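This is run-v2.cif. It holds mmCIF, C-alpha atoms.
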data_start
#
loop_
_atom_site.label_atom_id
_atom_site.label_comp_id
_atom_site.auth_asym_id
_atom_site.auth_seq_id
_atom_site.Cartn_x
_atom_site.Cartn_y
_atom_site.Cartn_z
CA MET A 1 27.80 -15.11 -12.04
CA GLY A 2 25.64 -18.23 -11.80
CA PRO A 3 23.40 -19.51 -14.60
CA LEU A 4 20.22 -18.07 -13.08
CA ALA A 5 21.81 -14.68 -12.44
CA TYR A 6 23.08 -14.66 -16.05
CA LEU A 7 19.61 -15.59 -17.33
CA LYS A 8 18.10 -12.63 -15.51
CA THR A 9 20.31 -10.21 -17.45
CA GLN A 10 19.31 -11.43 -20.90
CA PHE A 11 17.21 -9.18 -23.12
CA ALA A 12 15.36 -12.11 -24.68
CA VAL A 13 14.16 -13.20 -21.23
CA HIS A 14 13.02 -9.67 -20.43
CA LEU A 15 11.13 -9.60 -23.70
CA LEU A 16 9.35 -12.86 -22.87
CA ILE A 17 8.37 -11.53 -19.43
CA GLY A 18 7.08 -8.38 -21.09
CA PHE A 19 5.18 -10.43 -23.65
CA VAL A 20 3.42 -12.42 -20.92
CA PHE A 21 2.54 -9.25 -19.00
CA VAL A 22 1.24 -7.32 -22.03
CA VAL A 23 -0.76 -10.12 -23.65
CA SER A 24 -2.24 -11.35 -20.37
CA GLY A 25 -3.07 -7.73 -19.56
CA LEU A 26 -4.92 -7.25 -22.81
CA LEU A 27 -6.86 -10.47 -22.22
CA ILE A 28 -7.68 -9.37 -18.67
CA ASN A 29 -8.81 -5.94 -19.91
CA SER A 30 -11.06 -7.65 -22.46
CA VAL A 31 -12.69 -9.73 -19.73
CA GLN A 32 -13.05 -6.60 -17.59
CA LEU A 33 -14.85 -4.90 -20.46
CA CYS A 34 -17.30 -7.80 -20.58
CA THR A 35 -17.98 -7.49 -16.84
CA LEU A 36 -19.50 -4.03 -17.36
CA VAL A 37 -22.83 -5.73 -18.10
CA LEU A 38 -22.86 -6.86 -14.45
CA TRP A 39 -22.76 -3.30 -13.03
CA PRO A 40 -26.52 -2.58 -13.30
CA LEU A 41 -27.34 -6.13 -12.14
CA SER A 42 -24.92 -6.54 -9.23
CA LYS A 43 -22.41 -3.79 -8.56
CA GLN A 44 -20.73 -5.77 -5.78
CA LEU A 45 -20.27 -8.86 -7.94
CA TYR A 46 -18.73 -6.65 -10.63
CA ARG A 47 -16.32 -5.25 -8.06
CA ARG A 48 -15.32 -8.62 -6.64
CA LEU A 49 -14.63 -10.03 -10.10
CA ASN A 50 -12.54 -7.02 -11.09
CA CYS A 51 -10.52 -7.21 -7.89
CA ARG A 52 -9.47 -10.73 -8.87
CA LEU A 53 -8.82 -9.82 -12.49
CA ALA A 54 -6.64 -6.90 -11.41
CA TYR A 55 -4.81 -9.18 -8.99
CA SER A 56 -3.92 -11.50 -11.86
CA LEU A 57 -2.18 -8.59 -13.62
CA TRP A 58 -0.62 -6.64 -10.73
CA SER A 59 0.70 -9.80 -9.08
CA GLN A 60 2.98 -10.35 -12.08
CA LEU A 61 4.85 -7.16 -11.17
CA VAL A 62 4.91 -8.18 -7.51
CA MET A 63 6.34 -11.54 -8.61
CA LEU A 64 9.28 -9.73 -10.20
CA LEU A 65 10.04 -7.99 -6.91
CA GLU A 66 9.50 -10.98 -4.62
CA TRP A 67 10.63 -14.00 -6.66
CA TRP A 68 12.71 -12.67 -9.57
CA SER A 69 14.84 -10.09 -7.76
CA CYS A 70 14.20 -11.59 -4.30
CA THR A 71 13.95 -8.10 -2.83
CA GLU A 72 13.28 -8.18 0.91
CA CYS A 73 10.78 -5.89 2.61
CA THR A 74 10.95 -5.26 6.35
CA LEU A 75 8.25 -3.48 8.33
CA PHE A 76 9.01 -1.35 11.37
CA THR A 77 5.83 -1.06 13.42
CA ASP A 78 4.05 -2.77 16.32
CA GLN A 79 2.16 -6.05 16.62
CA ALA A 80 -1.21 -4.37 17.17
CA THR A 81 -0.87 -2.56 13.83
CA VAL A 82 0.24 -5.71 11.97
CA ASP A 83 -2.77 -7.57 13.39
CA ARG A 84 -5.07 -5.08 11.65
CA PHE A 85 -3.46 -5.31 8.21
CA GLY A 86 -5.92 -6.53 5.60
CA LYS A 87 -8.83 -6.31 8.02
CA GLU A 88 -9.92 -2.68 7.60
CA HIS A 89 -10.35 0.05 5.01
CA VAL A 90 -7.47 2.53 5.27
CA VAL A 91 -5.86 5.53 3.64
CA VAL A 92 -2.13 4.99 3.07
CA ILE A 93 0.28 7.93 2.90
CA LEU A 94 3.59 7.01 1.25
CA ASN A 95 6.65 9.12 0.45
CA HIS A 96 7.32 9.42 -3.27
CA ASN A 97 11.12 9.24 -3.56
CA PHE A 98 11.78 6.05 -5.52
CA GLU A 99 10.88 4.54 -8.88
CA ILE A 100 9.57 1.35 -7.26
CA ASP A 101 7.90 2.81 -4.16
CA PHE A 102 4.53 1.74 -5.58
CA LEU A 103 5.83 -1.81 -6.04
CA CYS A 104 6.96 -2.03 -2.42
CA GLY A 105 3.50 -0.87 -1.42
CA TRP A 106 1.94 -3.50 -3.68
CA THR A 107 3.99 -6.31 -2.19
CA MET A 108 2.66 -5.43 1.26
CA CYS A 109 -0.86 -5.29 -0.19
CA GLU A 110 -0.33 -8.75 -1.67
CA ARG A 111 0.99 -10.27 1.54
CA PHE A 112 -2.03 -9.04 3.46
CA GLY A 113 -4.62 -9.90 0.80
CA VAL A 114 -5.64 -6.47 -0.51
CA LEU A 115 -3.65 -6.17 -3.77
CA GLY A 116 -6.64 -6.57 -6.08
CA SER A 117 -8.72 -4.05 -4.15
CA SER A 118 -5.96 -1.47 -3.62
CA LYS A 119 -6.78 2.06 -4.77
CA VAL A 120 -4.88 5.24 -5.53
CA LEU A 121 -5.55 8.88 -6.29
CA ALA A 122 -3.84 8.95 -9.70
CA LYS A 123 -2.97 11.60 -12.26
CA ARG A 124 -5.38 11.52 -15.18
CA GLU A 125 -2.61 10.96 -17.75
CA LEU A 126 -2.25 7.40 -16.43
CA LEU A 127 -5.81 6.59 -17.50
CA TYR A 128 -4.57 6.47 -21.10
CA VAL A 129 -1.58 4.22 -20.41
CA PRO A 130 -2.40 0.76 -21.83
CA LEU A 131 -2.96 -2.00 -19.27
CA ILE A 132 -2.25 0.19 -16.23
CA GLY A 133 -4.81 2.91 -16.83
CA TRP A 134 -7.34 0.59 -18.40
CA THR A 135 -7.24 -1.82 -15.45
CA TRP A 136 -7.55 1.08 -13.02
CA TYR A 137 -10.61 2.36 -14.88
CA PHE A 138 -12.47 -0.88 -14.20
CA LEU A 139 -11.33 -0.74 -10.55
CA GLU A 140 -12.99 2.67 -10.07
CA ILE A 141 -9.68 4.38 -9.44
CA VAL A 142 -10.06 8.12 -8.80
CA PHE A 143 -8.23 10.16 -11.45
CA CYS A 144 -7.43 13.86 -11.21
CA LYS A 145 -5.87 16.55 -13.39
CA ARG A 146 -4.16 18.03 -10.31
CA ARG A 147 -5.93 21.35 -10.77
CA TRP A 148 -8.20 21.50 -7.76
CA GLU A 149 -10.78 23.83 -9.29
CA GLU A 150 -11.42 21.23 -12.00
CA ASP A 151 -10.83 18.15 -9.86
CA ARG A 152 -12.95 18.88 -6.80
CA ASP A 153 -16.30 17.51 -7.97
CA THR A 154 -14.75 14.56 -9.83
CA VAL A 155 -12.64 13.50 -6.85
CA ILE A 156 -15.52 13.82 -4.40
CA ARG A 157 -17.84 11.74 -6.59
CA GLY A 158 -15.16 9.10 -7.08
CA LEU A 159 -14.45 8.84 -3.36
CA GLU A 160 -18.11 8.74 -2.39
CA ARG A 161 -18.66 5.81 -4.78
CA LEU A 162 -16.17 3.79 -2.76
CA ALA A 163 -18.14 4.12 0.48
CA ASP A 164 -19.80 0.71 0.03
CA TYR A 165 -16.81 -1.14 -1.44
CA PRO A 166 -17.26 -4.84 -0.58
CA GLU A 167 -13.60 -5.78 -0.01
CA TYR A 168 -11.04 -4.22 2.31
CA MET A 169 -9.13 -1.57 0.40
CA TRP A 170 -5.92 0.37 0.94
CA PHE A 171 -6.33 3.79 -0.67
CA LEU A 172 -2.90 5.22 -1.52
CA LEU A 173 -2.17 8.94 -1.44
CA TYR A 174 1.07 10.49 -2.62
CA CYS A 175 0.49 13.76 -0.80
CA GLU A 176 3.62 15.33 -2.29
CA GLY A 177 1.89 15.12 -5.68
CA THR A 178 4.98 14.10 -7.64
CA ARG A 179 8.27 12.29 -7.19
CA PHE A 180 11.04 13.96 -5.23
CA THR A 181 13.81 15.63 -7.22
CA GLU A 182 16.32 18.23 -6.04
CA LYS A 183 14.85 20.81 -8.40
CA LYS A 184 11.30 20.25 -7.19
CA HIS A 185 12.48 20.18 -3.58
CA ARG A 186 14.19 23.56 -3.90
CA VAL A 187 11.06 25.16 -5.31
CA SER A 188 8.84 23.39 -2.79
CA MET A 189 10.85 24.74 0.12
CA GLU A 190 10.64 28.26 -1.30
CA VAL A 191 6.85 27.85 -1.27
CA ALA A 192 7.01 26.51 2.30
CA ALA A 193 9.04 29.52 3.42
CA SER A 194 6.57 31.90 1.78
CA LYS A 195 3.75 30.22 3.74
CA GLY A 196 5.63 30.20 7.03
CA LEU A 197 5.87 26.40 7.12
CA PRO A 198 8.91 24.49 8.45
CA ALA A 199 11.39 23.29 5.84
CA LEU A 200 11.55 19.60 4.96
CA LYS A 201 14.82 17.90 4.09
CA TYR A 202 13.65 14.63 2.53
CA HIS A 203 10.14 15.43 1.29
CA LEU A 204 8.28 17.94 -0.81
CA LEU A 205 5.66 20.13 0.78
CA PRO A 206 2.49 18.01 0.97
CA ARG A 207 -0.57 19.07 -1.04
CA THR A 208 -3.37 19.02 1.48
CA LYS A 209 -6.53 19.21 -0.65
CA GLY A 210 -6.51 15.58 -1.76
CA PHE A 211 -5.86 14.34 1.76
CA THR A 212 -8.49 16.44 3.50
CA THR A 213 -11.09 15.61 0.84
CA ALA A 214 -10.32 11.86 1.01
CA VAL A 215 -10.58 11.82 4.79
CA GLN A 216 -13.83 13.79 4.71
CA CYS A 217 -15.47 11.65 2.00
CA LEU A 218 -14.35 8.30 3.43
CA ARG A 219 -15.30 8.90 7.06
CA GLY A 220 -17.51 6.05 8.12
CA THR A 221 -15.76 3.74 5.65
CA VAL A 222 -12.07 4.13 6.41
CA ALA A 223 -10.94 3.14 9.91
CA ALA A 224 -7.44 4.60 9.95
CA VAL A 225 -4.59 6.31 8.15
CA TYR A 226 -1.37 4.33 7.68
CA ASP A 227 1.65 6.57 7.42
CA VAL A 228 4.38 4.67 5.55
CA THR A 229 7.93 5.98 5.30
CA LEU A 230 10.08 4.01 2.84
CA ASN A 231 13.83 3.80 2.39
CA PHE A 232 16.40 1.32 1.08
CA ARG A 233 19.44 -0.07 2.81
CA GLY A 234 22.85 0.88 1.52
CA ASN A 235 21.57 4.20 0.20
CA LYS A 236 20.34 2.37 -2.91
CA ASN A 237 18.10 4.03 -5.48
CA PRO A 238 16.34 1.04 -7.10
CA SER A 239 14.60 1.02 -10.45
CA LEU A 240 12.15 -1.24 -12.25
CA LEU A 241 14.88 -2.02 -14.78
CA GLY A 242 17.10 -3.09 -11.90
CA ILE A 243 14.33 -5.42 -10.69
CA LEU A 244 14.01 -6.83 -14.21
CA TYR A 245 17.76 -7.53 -14.22
CA GLY A 246 17.35 -9.45 -10.97
CA LYS A 247 19.02 -6.94 -8.65
CA LYS A 248 18.17 -7.58 -5.02
CA TYR A 249 17.27 -4.64 -2.80
CA GLU A 250 16.40 -4.38 0.88
CA ALA A 251 13.42 -2.14 1.55
CA ASP A 252 12.54 -0.85 5.00
CA MET A 253 9.11 0.62 5.74
CA CYS A 254 8.12 2.39 8.94
CA VAL A 255 4.34 2.05 9.38
CA ARG A 256 2.36 4.11 11.88
CA ARG A 257 -1.38 3.72 12.34
CA PHE A 258 -3.58 6.72 13.15
CA PRO A 259 -7.27 6.04 13.89
CA LEU A 260 -9.41 8.33 11.75
CA GLU A 261 -10.95 9.81 14.91
CA GLU A 262 -7.58 11.45 15.65
CA ILE A 263 -7.68 13.48 12.43
CA PRO A 264 -9.53 16.80 12.83
CA LEU A 265 -12.87 17.29 11.10
CA ASP A 266 -12.07 20.89 10.21
CA GLU A 267 -10.30 21.18 6.84
CA LYS A 268 -7.67 23.69 8.02
CA GLU A 269 -6.90 21.67 11.12
CA ALA A 270 -6.65 18.48 9.05
CA ALA A 271 -4.21 20.26 6.72
CA GLN A 272 -2.12 21.30 9.72
CA TRP A 273 -2.20 17.71 10.93
CA LEU A 274 -0.79 16.58 7.56
CA HIS A 275 2.01 19.17 7.65
CA LYS A 276 2.94 17.96 11.14
CA LEU A 277 2.91 14.37 9.89
CA TYR A 278 5.43 15.24 7.16
CA GLN A 279 7.69 16.91 9.69
CA GLU A 280 7.63 13.63 11.61
CA LYS A 281 8.32 11.67 8.40
CA ASP A 282 11.31 13.91 7.78
CA ALA A 283 12.62 13.15 11.29
CA LEU A 284 12.17 9.42 10.62
CA GLN A 285 14.21 9.68 7.43
CA GLU A 286 16.91 11.59 9.27
CA MET A 287 17.04 8.84 11.91
CA TYR A 288 17.23 6.19 9.20
CA ASN A 289 20.13 7.93 7.46
CA GLN A 290 22.02 8.17 10.75
CA LYS A 291 21.26 4.75 12.25
CA GLY A 292 20.26 2.61 9.28
CA VAL A 293 16.98 1.54 10.89
CA PHE A 294 13.57 2.96 11.67
CA PRO A 295 12.15 2.86 15.21
CA GLY A 296 9.80 0.03 16.13
CA GLU A 297 9.70 -3.73 16.13
CA GLN A 298 10.79 -5.46 12.92
CA PHE A 299 8.48 -7.74 10.94
CA LYS A 300 9.17 -9.65 7.73
CA PRO A 301 5.84 -10.89 6.35
CA ALA A 302 6.37 -14.07 4.36
CA ARG A 303 5.91 -13.89 0.61
CA ARG A 304 3.04 -16.00 -0.67
CA PRO A 305 3.27 -18.43 -3.61
CA TRP A 306 0.25 -17.04 -5.48
CA THR A 307 2.14 -14.37 -7.44
CA LEU A 308 4.60 -16.95 -8.75
CA LEU A 309 1.89 -19.50 -9.55
CA ASN A 310 -0.16 -16.84 -11.35
CA PHE A 311 2.80 -15.86 -13.53
CA LEU A 312 3.66 -19.49 -14.30
CA PHE A 313 0.05 -20.04 -15.36
CA TRP A 314 0.10 -17.14 -17.80
CA ALA A 315 3.58 -18.07 -19.06
CA THR A 316 2.44 -21.63 -19.76
CA VAL A 317 -0.71 -20.49 -21.56
CA LEU A 318 0.95 -17.79 -23.67
CA LEU A 319 4.53 -18.91 -24.37
CA SER A 320 3.69 -22.34 -25.79
CA PRO A 321 1.77 -20.92 -28.79
CA LEU A 322 4.39 -18.15 -29.13
CA PHE A 323 7.23 -20.63 -29.49
CA SER A 324 5.19 -22.67 -31.97
CA CYS A 325 4.53 -19.52 -34.01
CA VAL A 326 8.21 -18.50 -33.99
CA PHE A 327 9.29 -21.96 -35.12
CA GLY A 328 6.73 -21.85 -37.91
CA VAL A 329 7.90 -18.42 -39.09
CA PHE A 330 11.56 -19.39 -39.39
CA ALA A 331 10.76 -22.86 -40.75
CA SER A 332 8.78 -21.24 -43.56
CA GLY A 333 11.92 -19.58 -44.94
CA SER A 334 9.82 -16.61 -46.06
CA PRO A 335 11.82 -13.36 -45.85
CA LEU A 336 8.59 -11.37 -45.56
CA LEU A 337 7.32 -13.40 -42.61
CA ILE A 338 10.71 -13.28 -40.87
CA LEU A 339 11.03 -9.50 -41.36
CA THR A 340 7.46 -9.00 -40.15
CA PHE A 341 8.20 -11.06 -37.05
CA LEU A 342 11.40 -9.12 -36.34
CA GLY A 343 9.45 -5.88 -36.73
CA PHE A 344 6.93 -7.15 -34.22
CA VAL A 345 9.75 -7.98 -31.78
CA GLY A 346 11.15 -4.48 -32.17
CA ALA A 347 7.75 -2.88 -31.60
CA ALA A 348 7.13 -5.08 -28.57
CA SER A 349 10.51 -4.16 -27.13
CA PHE A 350 9.75 -0.46 -27.62
CA GLY A 351 6.31 -0.83 -26.01
CA VAL A 352 7.63 -2.66 -22.95
CA ARG A 353 10.36 -0.04 -22.53
CA ARG A 354 7.77 2.74 -22.68
CA LEU A 355 5.72 1.04 -19.95
CA ILE A 356 8.83 0.82 -17.76
CA GLY A 357 9.54 4.46 -18.53
CA VAL A 358 6.33 5.47 -16.75
CA THR A 359 8.08 4.70 -13.43
CA GLU A 360 11.34 6.55 -14.12
CA ILE A 361 11.98 9.66 -12.06
CA GLU A 362 13.70 11.62 -14.84
CA LYS A 363 10.64 11.04 -17.04
CA GLY A 364 8.21 12.05 -14.33
CA SER A 365 5.61 14.75 -14.67
CA SER A 366 6.36 18.46 -14.60
CA TYR A 367 3.91 18.84 -11.74
CA GLY A 368 5.66 20.74 -8.98
CA ASN A 369 7.83 22.67 -11.44
CA GLN A 370 5.16 25.27 -12.19
CA GLU A 371 6.46 27.69 -9.58
CA PHE A 372 9.97 27.15 -10.94
CA LYS A 373 8.86 28.04 -14.44
CA LYS A 374 7.23 31.21 -13.15
CA LYS A 375 10.46 32.22 -11.44
CA GLU A 376 12.42 31.58 -14.63
#
For this file, produce the structure as structure tokens.
Amino acid sequence: MGPLAYLKTQFAVHLLIGFVFVVSGLLINSVQLCTLVLWPLSKQLYRRLNCRLAYSLWSQLVMLLEWWSCTECTLFTDQATVDRFGKEHVVVILNHNFEIDFLCGWTMCERFGVLGSSKVLAKRELLYVPLIGWTWYFLEIVFCKRRWEEDRDTVIRGLERLADYPEYMWFLLYCEGTRFTEKKHRVSMEVAASKGLPALKYHLLPRTKGFTTAVQCLRGTVAAVYDVTLNFRGNKNPSLLGILYGKKYEADMCVRRFPLEEIPLDEKEAAQWLHKLYQEKDALQEMYNQKGVFPGEQFKPARRPWTLLNFLFWATVLLSPLFSCVFGVFASGSPLLILTFLGFVGAASFGVRRLIGVTEIEKGSSYGNQEFKKKE
């Protein structure tokens, strides 16, 4: 193990990275709060500023993937589709099998210049997660409780507000509603059988309401749907902790572009279109497991230096006073100050670990288990 690889495994280093992310995030959220005064004066200026503020936070996580762990991301698609990346509003459909699937999506957003303006249909619980939910609030992210009777009006209003968004956005939909687990898959396939739908091997049954509503509300704004099917070479199951420890993964993403005109206007027909899409995604995963590659031409978009430079900026600004403070605490010889500092370190470690825990599959939501509970 080389010196750099050893450094990446050290808890103290992880704590410093977490410190930079958390403190810079709080500062960014504070600035975002101040930008609210711009909304009644210039909504578009407010949006552009918040896209850049969000970029400064999200790009720190992308930096961990691209520069810290040196994870490689390969696209399987065609040149015509690549030429459109970052030049149109789109809805992105991504399979939800991995703890870092969102991070692989973000790195593609970053490489094509839409990270700050990326959107997602997110569960409402995330709104209350510090940094993540707060930043999303200022970005006009659409939150839902995942109970359609309560969500319908909220989701429609949120989507309609995005119709005049000034920067190209990629709107992410996890149509499965929750991360894939064997338990949820078993229940999901029982529901599929009861509805006369074909079984899926690698995906949960897609929830169609969010998709059909998004497509309906964003017609005239969104140009296409990008279907993205993600997998990792070597049958790896990566985690955010693994990224933090510097583990390198190789992500492959099959991207297919569907012009919005190809998606039916009728809600039932659009739902059928989505079910057919997931059958095709299942076939793509089967092919990948057998051959180790997706169909299509391979592209490896180059990583850009901005994520690294952004992190180095925040590290320089925040770590210098931190080190000075630590030196002062221990130089004082005061047991009270030292114990207080150690308590702060422990609390910070716990907080960072909780933030990482948001991405872990075993700590995911119970959404999708409701039918299982009823059967029990």
Tell me which of A:Ala214, A:Val187, A:Leu284, A:Met169 sits closest to Tyr202 in chain A, counting all atoms listed in the file.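 Closest residue, counting all atoms listed in the file: A:Leu284.
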Report task. Please provide as a ChimeraX atom specification all residues within 9 Å of range 118-124 of chain A, with the sequence filter that same-chain residues fewer than 4 positions apart are discarded (counting all atoms listed in the file). Result -> /A:51,106,109,114,128,133,136,139-146,155,168-174,177,210
For His96 in chain A, the closest of A:Thr316, A:Asn231, A:Gln298, A:Gln279 counting all atoms listed in the file is A:Asn231
(message) Which residues would end up in the selection if the PyMOL selection byres ((chain A and resi 47) around 9) were applied here, given that I need the answer as a list of chain:residue names?
(response)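 Selected by the PyMOL selection byres ((chain A and resi 47) around 9) here: A:Trp39, A:Ser42, A:Lys43, A:Gln44, A:Leu45, A:Tyr46, A:Arg48, A:Leu49, A:Asn50, A:Cys51, A:Arg52, A:Ser117, A:Phe138, A:Leu139, A:Glu140, A:Tyr165, A:Pro166, A:Glu167.
In this comparison, which uses only C-alpha atoms, the residue of A:Ala54, A:Ala223, A:Ala12, A:Ala271 approaching Pro259 in chain A most closely is A:Ala223.
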*asked:* Running the PyMOL selection byres ((chain A and resi 252) around 8) on this model by hand, what would come out? Give it as a list in words.
replied: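 Answer for the PyMOL selection byres ((chain A and resi 252) around 8): Cys73, Thr74, Leu75, Phe76, Leu230, Asn231, Phe232, Arg233, Glu250, Ala251, Met253, Cys254, Val293 and Phe294 of chain A.
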query: Expressed in Å to a single decimal, how great is the separation between CA of His275 in chain A and CA of Thr181 in chain A?
result: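 Separating CA of His275 in chain A from CA of Thr181 in chain A is a distance of 19.3 Å.
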With all atoms listed in the file as the counted atoms, please give the residues lying no more than 12 Å from Leu342 in chain A, apart from itself and same-chain residues fewer than 6 positions off, as a compact mmCIF listing (two decimals) with C-alpha atoms, in the frame of the given file.
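Ended up saving to around-v7.txt:
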# COMPACT_ATOMS: atom_id res chain seq x y z
CA VAL A 326 8.21 -18.50 -33.99
CA VAL A 329 7.90 -18.42 -39.09
CA PHE A 330 11.56 -19.39 -39.39
CA PRO A 335 11.82 -13.36 -45.85
CA LEU A 336 8.59 -11.37 -45.56
CA ALA A 348 7.13 -5.08 -28.57
CA SER A 349 10.51 -4.16 -27.13
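Each of A:Thr340, A:Asn237, A:Ser334, A:Thr135 was compared to Ser56 in chain A using all atoms listed in the file, and A:Thr135 turns out to be the nearest.
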Could you give me, as JSON lines, a per-residue list for range 276-351 of chain A showing, wherever an atom lies at most 9 Å from an atom of range 57-68 of chain A, the closest pair of atoms and their distance in Å to one decimal, using all atoms listed in the file and sorting by chain then residue number from low to high?
{"residue": "A:Arg303", "atom": "CA", "partner": "A:Glu66", "partner_atom": "CA", "distance": 7.0}
{"residue": "A:Trp306", "atom": "CA", "partner": "A:Ser59", "partner_atom": "CA", "distance": 8.1}
{"residue": "A:Thr307", "atom": "CA", "partner": "A:Ser59", "partner_atom": "CA", "distance": 5.1}
{"residue": "A:Leu308", "atom": "CA", "partner": "A:Met63", "partner_atom": "CA", "distance": 5.7}
{"residue": "A:Asn310", "atom": "CA", "partner": "A:Gln60", "partner_atom": "CA", "distance": 7.2}
{"residue": "A:Phe311", "atom": "CA", "partner": "A:Gln60", "partner_atom": "CA", "distance": 5.7}
message: For the provided coordinates, the residues matched by the PyMOL selection byres ((chain A and resi 262) around 12) should be stated as a ChimeraX atom specification.
response: /A:215,219,223-225,257-261,263-266,269-270,273-274
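Here CA of Ile93 in chain A is placed at a distance of 25.0 Å from CA of Cys70 in chain A.
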*asked:* What's the separation between CA of Gly328 in chain A and CA of Val345 in chain A, in Å to one decimal place?
replied: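 Atom-to-atom, CA of Gly328 in chain A to CA of Val345 in chain A, that is 15.5 Å.
Among A:Val37, A:Asn289, A:Leu204, A:Asp164, the residue with the shortest atom-to-atom distance to Lys183 in chain A, counting only C-alpha atoms, is A:Leu204.
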Gly25 in chain A proximity check over A:Ile132, A:Ile156, A:Met287, A:Ala80, using only C-alpha atoms: winner is A:Ile132
Shell of 9 Å around Ile243 in chain A, all atoms listed in the file, local chain residues under 2 positions omitted, as an MDAnalysis selection string: chainID A and resid 64:65 68:71 100 238:241 245:249
For range 205-208 of chain A, I'd like the enclosing box, axis-aligned and padded by 8 Å on every side, reported as AutoDock Vina command-line options with centre and edge lengths in Å to one decimal.
--center_x 1.1 --center_y 19.1 --center_z 0.2 --size_x 25.0 --size_y 18.1 --size_z 18.5
Leaving out Leu200 in chain A and any residue of its chain fewer than 4 positions from it, which residues lie within 12 Å of it when counting all atoms listed in the file, given as a ChimeraX atom specification?
/A:176,180,185-193,204-206,275-286
